[in-house]
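A.B. asks: Here you go, this is my_file-v9.cif (mmCIF, C-alpha atoms).
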```cif
data_target
#
loop_
_atom_site.group_PDB
_atom_site.id
_atom_site.type_symbol
_atom_site.label_atom_id
_atom_site.label_comp_id
_atom_site.auth_asym_id
_atom_site.auth_seq_id
_atom_site.Cartn_x
_atom_site.Cartn_y
_atom_site.Cartn_z
ATOM 1 C CA MET A 365 16.430 14.871 -10.110
ATOM 2 C CA PRO A 366 16.188 11.515 -11.936
ATOM 3 C CA ASN A 367 13.004 12.388 -13.815
ATOM 4 C CA GLN A 368 12.197 16.084 -13.822
ATOM 5 C CA SER A 369 8.855 15.667 -15.582
ATOM 6 C CA THR A 370 7.509 13.178 -13.043
ATOM 7 C CA ASP A 371 8.869 15.243 -10.185
ATOM 8 C CA LEU A 372 7.233 18.415 -11.487
ATOM 9 C CA GLY A 373 3.977 16.467 -11.864
ATOM 10 C CA ARG A 374 4.147 15.298 -8.265
ATOM 11 C CA VAL A 375 4.906 18.815 -7.056
ATOM 12 C CA PHE A 376 1.910 20.317 -8.915
ATOM 13 C CA GLN A 377 -0.267 17.407 -7.720
ATOM 14 C CA ALA A 378 0.763 18.163 -4.134
ATOM 15 C CA LEU A 379 0.005 21.876 -4.654
ATOM 16 C CA ALA A 380 -3.488 21.103 -5.981
ATOM 17 C CA ASP A 381 -4.832 20.430 -2.486
ATOM 18 C CA PRO A 382 -5.952 23.394 -0.311
ATOM 19 C CA THR A 383 -4.879 21.760 2.971
ATOM 20 C CA ARG A 384 -1.396 21.142 1.609
ATOM 21 C CA ARG A 385 -1.153 24.714 0.293
ATOM 22 C CA ALA A 386 -2.236 26.019 3.715
ATOM 23 C CA VAL A 387 0.499 23.922 5.365
ATOM 24 C CA LEU A 388 3.094 25.380 2.983
ATOM 25 C CA GLU A 389 1.819 28.900 3.712
ATOM 26 C CA ARG A 390 2.242 28.211 7.437
ATOM 27 C CA LEU A 391 5.732 26.720 6.951
ATOM 28 C CA SER A 392 6.842 29.681 4.829
ATOM 29 C CA GLY A 393 6.712 31.587 8.128
ATOM 30 C CA GLY A 394 8.939 29.078 9.939
ATOM 31 C CA PRO A 395 9.300 25.424 10.986
ATOM 32 C CA ALA A 396 6.541 23.699 12.994
ATOM 33 C CA GLY A 397 5.589 20.355 14.510
ATOM 34 C CA MET A 398 2.737 18.181 13.250
ATOM 35 C CA SER A 399 0.229 19.039 15.994
ATOM 36 C CA GLU A 400 0.728 22.776 15.448
ATOM 37 C CA LEU A 401 0.351 22.304 11.684
ATOM 38 C CA ALA A 402 -2.768 20.153 12.112
ATOM 39 C CA GLN A 403 -4.426 22.522 14.583
ATOM 40 C CA PRO A 404 -6.356 24.740 12.071
ATOM 41 C CA PHE A 405 -7.885 21.749 10.278
ATOM 42 C CA ARG A 406 -10.892 19.635 11.233
ATOM 43 C CA MET A 407 -9.174 16.453 10.254
ATOM 44 C CA ALA A 408 -8.068 13.242 11.973
ATOM 45 C CA LEU A 409 -4.298 13.183 12.533
ATOM 46 C CA PRO A 410 -3.725 10.086 10.317
ATOM 47 C CA SER A 411 -5.391 11.866 7.355
ATOM 48 C CA PHE A 412 -3.459 15.027 8.068
ATOM 49 C CA SER A 413 -0.257 13.027 8.347
ATOM 50 C CA GLN A 414 -0.852 11.667 4.812
ATOM 51 C CA HIS A 415 -0.895 15.244 3.505
ATOM 52 C CA LEU A 416 2.478 15.859 5.158
ATOM 53 C CA ASP A 417 3.794 12.630 3.589
ATOM 54 C CA VAL A 418 2.719 13.826 0.117
ATOM 55 C CA LEU A 419 4.478 17.158 0.688
ATOM 56 C CA GLU A 420 7.614 15.416 1.918
ATOM 57 C CA ASP A 421 7.669 12.728 -0.800
ATOM 58 C CA CYS A 422 7.703 15.299 -3.608
ATOM 59 C CA GLY A 423 10.338 17.419 -1.852
ATOM 60 C CA LEU A 424 8.214 20.441 -0.897
ATOM 61 C CA VAL A 425 8.916 19.977 2.818
ATOM 62 C CA ARG A 426 11.417 18.033 4.853
ATOM 63 C CA SER A 427 11.192 16.864 8.432
ATOM 64 C CA ARG A 428 13.571 15.978 11.227
ATOM 65 C CA LYS A 429 12.914 14.161 14.449
ATOM 66 C CA GLU A 430 14.357 16.023 17.399
ATOM 67 C CA GLY A 431 13.804 13.983 20.555
ATOM 68 C CA ARG A 432 10.131 12.960 20.491
ATOM 69 C CA VAL A 433 9.024 15.754 18.197
ATOM 70 C CA ARG A 434 9.180 15.762 14.383
ATOM 71 C CA THR A 435 9.672 19.259 12.990
ATOM 72 C CA TYR A 436 8.638 20.194 9.446
ATOM 73 C CA ARG A 437 10.175 22.924 7.333
ATOM 74 C CA ILE A 438 9.964 24.233 3.776
ATOM 75 C CA SER A 439 12.400 22.707 1.313
ATOM 76 C CA PRO A 440 12.601 25.420 -1.354
ATOM 77 C CA ARG A 441 14.005 23.517 -4.340
ATOM 78 C CA ALA A 442 10.781 21.765 -5.421
ATOM 79 C CA MET A 443 8.831 25.025 -5.189
ATOM 80 C CA GLN A 444 11.526 26.790 -7.205
ATOM 81 C CA ALA A 445 11.274 24.080 -9.904
ATOM 82 C CA ALA A 446 7.509 24.653 -10.197
ATOM 83 C CA GLU A 447 7.899 28.425 -10.196
ATOM 84 C CA GLY A 448 10.717 28.143 -12.753
ATOM 85 C CA TRP A 449 8.579 26.119 -15.144
ATOM 86 C CA LEU A 450 5.731 28.656 -14.925
ATOM 87 C CA SER A 451 8.039 31.628 -15.326
ATOM 88 C CA LYS A 452 9.667 30.018 -18.390
ATOM 89 C CA GLN A 453 6.265 29.583 -20.074
ATOM 90 C CA ARG A 454 5.402 33.185 -19.256
ATOM 91 C CA SER A 455 8.631 34.530 -20.746
ATOM 92 C CA LEU A 456 8.185 32.441 -23.944
ATOM 93 C CA TRP A 457 4.645 33.707 -24.234
ATOM 94 C CA ALA A 458 5.672 37.341 -23.606
ATOM 95 C CA ARG A 459 8.505 37.095 -26.151
ATOM 96 C CA ARG A 460 6.084 35.819 -28.761
ATOM 97 C CA LEU A 461 3.706 38.713 -28.046
ATOM 98 C CA ASP A 462 6.611 41.160 -28.471
ATOM 99 C CA GLN A 463 7.487 39.592 -31.811
ATOM 100 C CA PHE A 464 3.858 39.834 -32.884
ATOM 101 C CA ASP A 465 3.834 43.474 -31.828
ATOM 102 C CA ASP A 466 6.974 44.158 -33.909
ATOM 103 C CA TYR A 467 5.355 42.402 -36.869
ATOM 104 C CA VAL A 468 2.201 44.549 -36.618
ATOM 105 C CA LYS A 469 4.288 47.737 -36.355
ATOM 106 C CA GLU A 470 6.310 46.668 -39.385
ATOM 107 C CA GLN A 471 3.131 46.040 -41.396
ATOM 108 C CA ASN A 472 1.701 49.446 -40.466
ATOM 109 C CA ARG A 473 4.755 51.458 -41.518
ATOM 110 C CA MET B 335 -12.402 35.000 -9.323
ATOM 111 C CA PRO B 336 -15.298 33.838 -7.128
ATOM 112 C CA ASN B 337 -13.222 31.329 -5.155
ATOM 113 C CA GLN B 338 -9.491 31.826 -5.510
ATOM 114 C CA SER B 339 -8.520 28.758 -3.472
ATOM 115 C CA THR B 340 -10.603 26.351 -5.592
ATOM 116 C CA ASP B 341 -9.392 27.978 -8.792
ATOM 117 C CA LEU B 342 -5.762 27.719 -7.744
ATOM 118 C CA GLY B 343 -6.370 24.064 -6.873
ATOM 119 C CA ARG B 344 -7.809 23.392 -10.321
ATOM 120 C CA VAL B 345 -4.900 25.176 -11.988
ATOM 121 C CA PHE B 346 -2.300 23.128 -10.074
ATOM 122 C CA GLN B 347 -4.328 19.966 -10.748
ATOM 123 C CA ALA B 348 -4.268 20.748 -14.472
ATOM 124 C CA LEU B 349 -0.507 21.397 -14.329
ATOM 125 C CA ALA B 350 0.122 18.035 -12.631
ATOM 126 C CA ASP B 351 -0.295 16.141 -15.914
ATOM 127 C CA PRO B 352 2.684 15.863 -18.325
ATOM 128 C CA THR B 353 0.504 15.921 -21.474
ATOM 129 C CA ARG B 354 -1.194 19.111 -20.334
ATOM 130 C CA ARG B 355 2.159 20.721 -19.455
ATOM 131 C CA ALA B 356 3.487 19.768 -22.905
ATOM 132 C CA VAL B 357 0.428 21.398 -24.525
ATOM 133 C CA LEU B 358 1.055 24.596 -22.541
ATOM 134 C CA GLU B 359 4.734 24.538 -23.557
ATOM 135 C CA ARG B 360 3.646 24.269 -27.196
ATOM 136 C CA LEU B 361 1.056 27.057 -26.828
ATOM 137 C CA SER B 362 3.588 29.362 -25.166
ATOM 138 C CA GLY B 363 5.137 29.525 -28.630
ATOM 139 C CA GLY B 364 1.868 30.520 -30.324
ATOM 140 C CA PRO B 365 -1.762 29.462 -30.976
ATOM 141 C CA ALA B 366 -2.540 26.062 -32.531
ATOM 142 C CA GLY B 367 -5.434 23.842 -33.581
ATOM 143 C CA MET B 368 -6.353 20.579 -31.867
ATOM 144 C CA SER B 369 -4.873 18.217 -34.452
ATOM 145 C CA GLU B 370 -1.522 20.043 -34.382
ATOM 146 C CA LEU B 371 -1.536 19.977 -30.584
ATOM 147 C CA ALA B 372 -2.463 16.280 -30.501
ATOM 148 C CA GLN B 373 0.145 15.269 -33.079
ATOM 149 C CA PRO B 374 3.097 14.532 -30.702
ATOM 150 C CA PHE B 375 0.993 12.275 -28.455
ATOM 151 C CA ARG B 376 0.007 8.636 -28.921
ATOM 152 C CA MET B 377 -3.497 9.267 -27.730
ATOM 153 C CA ALA B 378 -7.015 8.983 -29.165
ATOM 154 C CA LEU B 379 -8.447 12.414 -30.004
ATOM 155 C CA PRO B 380 -11.352 12.123 -27.506
ATOM 156 C CA SER B 381 -8.877 11.526 -24.650
ATOM 157 C CA PHE B 382 -6.678 14.352 -25.866
ATOM 158 C CA SER B 383 -9.701 16.600 -26.152
ATOM 159 C CA GLN B 384 -10.466 15.981 -22.461
ATOM 160 C CA HIS B 385 -7.015 17.333 -21.564
ATOM 161 C CA LEU B 386 -7.784 20.484 -23.549
ATOM 162 C CA ASP B 387 -11.116 20.779 -21.713
ATOM 163 C CA VAL B 388 -9.350 20.584 -18.344
ATOM 164 C CA LEU B 389 -6.924 23.323 -19.443
ATOM 165 C CA GLU B 390 -9.750 25.498 -20.710
ATOM 166 C CA ASP B 391 -12.052 24.922 -17.706
ATOM 167 C CA CYS B 392 -9.452 26.169 -15.223
ATOM 168 C CA GLY B 393 -8.547 29.149 -17.416
ATOM 169 C CA LEU B 394 -5.054 28.105 -18.546
ATOM 170 C CA VAL B 395 -6.039 28.171 -22.222
ATOM 171 C CA ARG B 396 -8.904 29.599 -24.226
ATOM 172 C CA SER B 397 -10.203 28.566 -27.611
ATOM 173 C CA ARG B 398 -12.101 30.162 -30.459
ATOM 174 C CA LYS B 399 -13.819 28.538 -33.381
ATOM 175 C CA GLU B 400 -12.828 30.177 -36.651
ATOM 176 C CA GLY B 401 -14.777 28.590 -39.493
ATOM 177 C CA ARG B 402 -14.408 24.834 -39.023
ATOM 178 C CA VAL B 403 -11.233 25.032 -36.963
ATOM 179 C CA ARG B 404 -10.981 25.624 -33.222
ATOM 180 C CA THR B 405 -7.791 27.453 -32.269
ATOM 181 C CA TYR B 406 -6.273 27.228 -28.790
ATOM 182 C CA ARG B 407 -4.096 29.831 -27.144
ATOM 183 C CA ILE B 408 -2.511 30.507 -23.736
ATOM 184 C CA SER B 409 -4.599 32.527 -21.310
ATOM 185 C CA PRO B 410 -1.937 33.955 -19.013
ATOM 186 C CA ARG B 411 -3.963 34.962 -15.968
ATOM 187 C CA ALA B 412 -4.363 31.478 -14.424
ATOM 188 C CA MET B 413 -0.658 30.749 -14.846
ATOM 189 C CA GLN B 414 0.180 34.104 -13.285
ATOM 190 C CA ALA B 415 -2.041 33.243 -10.292
ATOM 191 C CA ALA B 416 -0.146 29.979 -9.757
ATOM 192 C CA GLU B 417 3.232 31.660 -10.215
ATOM 193 C CA GLY B 418 2.172 34.473 -7.889
ATOM 194 C CA TRP B 419 1.235 32.048 -5.118
ATOM 195 C CA LEU B 420 4.601 30.255 -5.394
ATOM 196 C CA SER B 421 6.561 33.483 -5.528
ATOM 197 C CA LYS B 422 4.739 34.792 -2.431
ATOM 198 C CA GLN B 423 5.691 31.667 -0.453
ATOM 199 C CA ARG B 424 9.284 32.034 -1.602
ATOM 200 C CA SER B 425 9.502 35.668 -0.545
ATOM 201 C CA LEU B 426 7.977 34.903 2.887
ATOM 202 C CA TRP B 427 10.441 32.073 3.313
ATOM 203 C CA ALA B 428 13.404 34.212 2.183
ATOM 204 C CA ARG B 429 12.393 37.050 4.515
ATOM 205 C CA ARG B 430 12.286 34.647 7.441
ATOM 206 C CA LEU B 431 15.767 33.333 6.547
ATOM 207 C CA ASP B 432 17.054 36.933 6.456
ATOM 208 C CA GLN B 433 15.569 37.568 9.886
ATOM 209 C CA PHE B 434 17.171 34.389 11.175
ATOM 210 C CA ASP B 435 20.487 35.504 9.687
ATOM 211 C CA ASP B 436 20.211 38.885 11.425
ATOM 212 C CA TYR B 437 19.400 37.103 14.685
ATOM 213 C CA VAL B 438 22.460 34.828 14.384
ATOM 214 C CA LYS B 439 24.710 37.832 13.590
ATOM 215 C CA GLU B 440 23.261 39.692 16.572
ATOM 216 C CA GLN B 441 23.977 36.724 18.859
ATOM 217 C CA ASN B 442 27.574 36.443 17.602
ATOM 218 C CA ARG B 443 28.472 40.102 18.135
#
```
Represent the structure of the file as structure tokens.
C.D. replies:
Amino acid sequence: MPNQSTDLGRVFQALADPTRRAVLERLSGGPAGMSELAQPFRMALPSFSQHLDVLEDCGLVRSRKEGRVRTYRISPRAMQAAEGWLSKQRSLWARRLDQFDDYVKEQNR
Amino acid sequence: MPNQSTDLGRVFQALADPTRRAVLERLSGGPAGMSELAQPFRMALPSFSQHLDVLEDCGLVRSRKEGRVRTYRISPRAMQAAEGWLSKQRSLWARRLDQFDDYVKEQNR
């Protein structure tokens, strides 16, 4: 990744939208074409297609044209980067709480 | 949470900004006041304060006024919700890959 901070920003930006999260939830169950992905949403295909472009541009999904049909699938690395950042913050935070706990115990001896 | 989807959207939206992520990284190491948090950024305090408001409004941080100083700290639940959503997608995706693997093995017997 040339610029991890920007990339992480684009990934979180993509995840901020409920339609895009619903698409990722669907794709977590397996690959699908655009019309199947669009089906649950009351949205014109060009607008829906923009959501897929956002997901693809930041690396959350990838697509391949097979004959006349473009198939979308999850691309796990971007999601792992986002999850990794969150889990790192959580572990730093938890470690600090542990240290605080030790400090309190030490004071109360 | 009254509306989990909206809340998750606001959390991811808050995480999309590099300044706000840097503030969370700093707060993972322990509580801090606004001027300490603002110090690494070339930004007017009112603009910086808006970033803190966004973080507080979506539940990623909380603040408390002690005397004349407002102290900010991590509020882990919102970050756990975001991490939980990502980890759920990953496990669904991994389970599907396992099933696919079993299917391929079955076919090649």
A.B. asks: Could you tell me which residues the PyMOL selection byres ((chain B) within 6 of (chain A)) grabs in this file, written as a list in words?
C.D. replies: Gly343, Phe346, Gln347, Ala350, Asp351, Ser362, Glu417, Gln423, Leu426 and Trp427 of chain B
A.B. asks: Name the closest residue to A:Met398 among the candidates A:Val418, A:Val433, A:Ala442, A:Val425; distances are taken between atoms, counting all atoms listed in the file.
C.D. replies: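 For A:Met398, the nearest of the candidates is A:Val433.
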A.B. asks: Which residues, named as in the file, does the PyMOL selection byres ((chain B and resi 383) around 12) pick out? Answer as a list in words.
C.D. replies: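 Evaluating the PyMOL selection byres ((chain B and resi 383) around 12) on this file yields Thr353, Arg354, Val357, Gly367, Met368, Ser369, Leu371, Ala372, Phe375, Met377, Ala378, Leu379, Pro380, Ser381, Phe382, Gln384, His385, Leu386, Asp387, Val388, Leu389, Glu390, Arg404 and Tyr406 of chain B.
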A.B. asks: For the reference chain B, what are the coordinates of chain A after least-squares fitting (all Cα, in-order pairing), as a PDB file with C-alpha atoms, in the frame of the given file?
C.D. replies:
```
ATOM      1  CA  MET A 365     -12.390  34.911  -9.418  1.00  0.00           C
ATOM      2  CA  PRO A 366     -15.281  33.742  -7.198  1.00  0.00           C
ATOM      3  CA  ASN A 367     -13.188  31.291  -5.188  1.00  0.00           C
ATOM      4  CA  GLN A 368      -9.458  31.810  -5.550  1.00  0.00           C
ATOM      5  CA  SER A 369      -8.520  28.755  -3.495  1.00  0.00           C
ATOM      6  CA  THR A 370     -10.571  26.352  -5.610  1.00  0.00           C
ATOM      7  CA  ASP A 371      -9.362  28.001  -8.789  1.00  0.00           C
ATOM      8  CA  LEU A 372      -5.721  27.716  -7.742  1.00  0.00           C
ATOM      9  CA  GLY A 373      -6.353  24.056  -6.883  1.00  0.00           C
ATOM     10  CA  ARG A 374      -7.797  23.398 -10.323  1.00  0.00           C
ATOM     11  CA  VAL A 375      -4.888  25.175 -11.991  1.00  0.00           C
ATOM     12  CA  PHE A 376      -2.276  23.113 -10.090  1.00  0.00           C
ATOM     13  CA  GLN A 377      -4.315  19.947 -10.760  1.00  0.00           C
ATOM     14  CA  ALA A 378      -4.269  20.754 -14.480  1.00  0.00           C
ATOM     15  CA  LEU A 379      -0.499  21.384 -14.340  1.00  0.00           C
ATOM     16  CA  ALA A 380       0.126  18.015 -12.659  1.00  0.00           C
ATOM     17  CA  ASP A 381      -0.312  16.129 -15.934  1.00  0.00           C
ATOM     18  CA  PRO A 382       2.668  15.854 -18.346  1.00  0.00           C
ATOM     19  CA  THR A 383       0.497  15.914 -21.489  1.00  0.00           C
ATOM     20  CA  ARG A 384      -1.200  19.105 -20.343  1.00  0.00           C
ATOM     21  CA  ARG A 385       2.150  20.711 -19.478  1.00  0.00           C
ATOM     22  CA  ALA A 386       3.469  19.756 -22.933  1.00  0.00           C
ATOM     23  CA  VAL A 387       0.412  21.394 -24.537  1.00  0.00           C
ATOM     24  CA  LEU A 388       1.048  24.588 -22.555  1.00  0.00           C
ATOM     25  CA  GLU A 389       4.719  24.526 -23.588  1.00  0.00           C
ATOM     26  CA  ARG A 390       3.622  24.255 -27.228  1.00  0.00           C
ATOM     27  CA  LEU A 391       1.038  27.051 -26.848  1.00  0.00           C
ATOM     28  CA  SER A 392       3.578  29.347 -25.182  1.00  0.00           C
ATOM     29  CA  GLY A 393       5.130  29.501 -28.661  1.00  0.00           C
ATOM     30  CA  GLY A 394       1.856  30.506 -30.336  1.00  0.00           C
ATOM     31  CA  PRO A 395      -1.762  29.466 -30.973  1.00  0.00           C
ATOM     32  CA  ALA A 396      -2.558  26.070 -32.541  1.00  0.00           C
ATOM     33  CA  GLY A 397      -5.461  23.859 -33.575  1.00  0.00           C
ATOM     34  CA  MET A 398      -6.374  20.599 -31.848  1.00  0.00           C
ATOM     35  CA  SER A 399      -4.912  18.241 -34.466  1.00  0.00           C
ATOM     36  CA  GLU A 400      -1.562  20.053 -34.403  1.00  0.00           C
ATOM     37  CA  LEU A 401      -1.560  19.973 -30.592  1.00  0.00           C
ATOM     38  CA  ALA A 402      -2.496  16.277 -30.517  1.00  0.00           C
ATOM     39  CA  GLN A 403       0.095  15.262 -33.109  1.00  0.00           C
ATOM     40  CA  PRO A 404       3.050  14.515 -30.729  1.00  0.00           C
ATOM     41  CA  PHE A 405       0.951  12.268 -28.483  1.00  0.00           C
ATOM     42  CA  ARG A 406      -0.033   8.629 -28.944  1.00  0.00           C
ATOM     43  CA  MET A 407      -3.525   9.249 -27.738  1.00  0.00           C
ATOM     44  CA  ALA A 408      -7.049   8.978 -29.151  1.00  0.00           C
ATOM     45  CA  LEU A 409      -8.483  12.407 -29.997  1.00  0.00           C
ATOM     46  CA  PRO A 410     -11.390  12.131 -27.486  1.00  0.00           C
ATOM     47  CA  SER A 411      -8.900  11.531 -24.630  1.00  0.00           C
ATOM     48  CA  PHE A 412      -6.697  14.336 -25.859  1.00  0.00           C
ATOM     49  CA  SER A 413      -9.716  16.601 -26.154  1.00  0.00           C
ATOM     50  CA  GLN A 414     -10.483  15.986 -22.448  1.00  0.00           C
ATOM     51  CA  HIS A 415      -7.028  17.326 -21.570  1.00  0.00           C
ATOM     52  CA  LEU A 416      -7.783  20.491 -23.545  1.00  0.00           C
ATOM     53  CA  ASP A 417     -11.129  20.788 -21.718  1.00  0.00           C
ATOM     54  CA  VAL A 418      -9.350  20.596 -18.335  1.00  0.00           C
ATOM     55  CA  LEU A 419      -6.915  23.316 -19.430  1.00  0.00           C
ATOM     56  CA  GLU A 420      -9.748  25.498 -20.692  1.00  0.00           C
ATOM     57  CA  ASP A 421     -12.049  24.938 -17.691  1.00  0.00           C
ATOM     58  CA  CYS A 422      -9.436  26.177 -15.214  1.00  0.00           C
ATOM     59  CA  GLY A 423      -8.537  29.159 -17.409  1.00  0.00           C
ATOM     60  CA  LEU A 424      -5.048  28.108 -18.540  1.00  0.00           C
ATOM     61  CA  VAL A 425      -6.033  28.176 -22.219  1.00  0.00           C
ATOM     62  CA  ARG A 426      -8.895  29.604 -24.204  1.00  0.00           C
ATOM     63  CA  SER A 427     -10.198  28.580 -27.593  1.00  0.00           C
ATOM     64  CA  ARG A 428     -12.094  30.171 -30.444  1.00  0.00           C
ATOM     65  CA  LYS A 429     -13.819  28.564 -33.369  1.00  0.00           C
ATOM     66  CA  GLU A 430     -12.836  30.209 -36.622  1.00  0.00           C
ATOM     67  CA  GLY A 431     -14.799  28.629 -39.463  1.00  0.00           C
ATOM     68  CA  ARG A 432     -14.448  24.862 -38.990  1.00  0.00           C
ATOM     69  CA  VAL A 433     -11.265  25.054 -36.958  1.00  0.00           C
ATOM     70  CA  ARG A 434     -11.000  25.642 -33.196  1.00  0.00           C
ATOM     71  CA  THR A 435      -7.802  27.463 -32.265  1.00  0.00           C
ATOM     72  CA  TYR A 436      -6.275  27.228 -28.784  1.00  0.00           C
ATOM     73  CA  ARG A 437      -4.102  29.842 -27.134  1.00  0.00           C
ATOM     74  CA  ILE A 438      -2.516  30.505 -23.749  1.00  0.00           C
ATOM     75  CA  SER A 439      -4.598  32.534 -21.325  1.00  0.00           C
ATOM     76  CA  PRO A 440      -1.923  33.961 -19.018  1.00  0.00           C
ATOM     77  CA  ARG A 441      -3.949  34.959 -15.950  1.00  0.00           C
ATOM     78  CA  ALA A 442      -4.352  31.477 -14.420  1.00  0.00           C
ATOM     79  CA  MET A 443      -0.643  30.753 -14.877  1.00  0.00           C
ATOM     80  CA  GLN A 444       0.213  34.104 -13.301  1.00  0.00           C
ATOM     81  CA  ALA A 445      -2.002  33.248 -10.292  1.00  0.00           C
ATOM     82  CA  ALA A 446      -0.112  29.970  -9.771  1.00  0.00           C
ATOM     83  CA  GLU A 447       3.264  31.630 -10.244  1.00  0.00           C
ATOM     84  CA  GLY A 448       2.214  34.453  -7.903  1.00  0.00           C
ATOM     85  CA  TRP A 449       1.280  32.040  -5.130  1.00  0.00           C
ATOM     86  CA  LEU A 450       4.634  30.233  -5.418  1.00  0.00           C
ATOM     87  CA  SER A 451       6.619  33.452  -5.552  1.00  0.00           C
ATOM     88  CA  LYS A 452       4.794  34.768  -2.459  1.00  0.00           C
ATOM     89  CA  GLN A 453       5.730  31.642  -0.472  1.00  0.00           C
ATOM     90  CA  ARG A 454       9.325  31.982  -1.635  1.00  0.00           C
ATOM     91  CA  SER A 455       9.558  35.625  -0.573  1.00  0.00           C
ATOM     92  CA  LEU A 456       8.031  34.859   2.873  1.00  0.00           C
ATOM     93  CA  TRP A 457      10.487  32.029   3.292  1.00  0.00           C
ATOM     94  CA  ALA A 458      13.458  34.163   2.164  1.00  0.00           C
ATOM     95  CA  ARG A 459      12.435  37.011   4.488  1.00  0.00           C
ATOM     96  CA  ARG A 460      12.316  34.617   7.413  1.00  0.00           C
ATOM     97  CA  LEU A 461      15.795  33.313   6.554  1.00  0.00           C
ATOM     98  CA  ASP A 462      17.082  36.911   6.459  1.00  0.00           C
ATOM     99  CA  GLN A 463      15.585  37.572   9.879  1.00  0.00           C
ATOM    100  CA  PHE A 464      17.182  34.397  11.200  1.00  0.00           C
ATOM    101  CA  ASP A 465      20.496  35.504   9.731  1.00  0.00           C
ATOM    102  CA  ASP A 466      20.193  38.905  11.463  1.00  0.00           C
ATOM    103  CA  TYR A 467      19.372  37.133  14.726  1.00  0.00           C
ATOM    104  CA  VAL A 468      22.467  34.903  14.476  1.00  0.00           C
ATOM    105  CA  LYS A 469      24.678  37.914  13.678  1.00  0.00           C
ATOM    106  CA  GLU A 470      23.215  39.780  16.642  1.00  0.00           C
ATOM    107  CA  GLN A 471      23.919  36.832  18.958  1.00  0.00           C
ATOM    108  CA  ASN A 472      27.522  36.564  17.752  1.00  0.00           C
ATOM    109  CA  ARG A 473      28.403  40.222  18.316  1.00  0.00           C
TER     110      ARG A 473
END
```
A.B. asks: Enter the distance from atom CA of A:Val468 to atom CA of B:Gly401, in Å, rounded to one decimal.
C.D. replies: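 Atom CA of B:Gly401 lies 23.5 Å from atom CA of A:Val468.
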A.B. asks: Find the distance between atom CA of B:Asp391 and atom CA of B:Pro365 and write it in Å to one decimal.
C.D. replies: 17.4 Å
A.B. asks: Please indicate the distance in Å from atom CA of A:Asp465 to atom CA of B:Lys399, rounded to one decimal place.
C.D. replies: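 So the answer is 23.2 Å.
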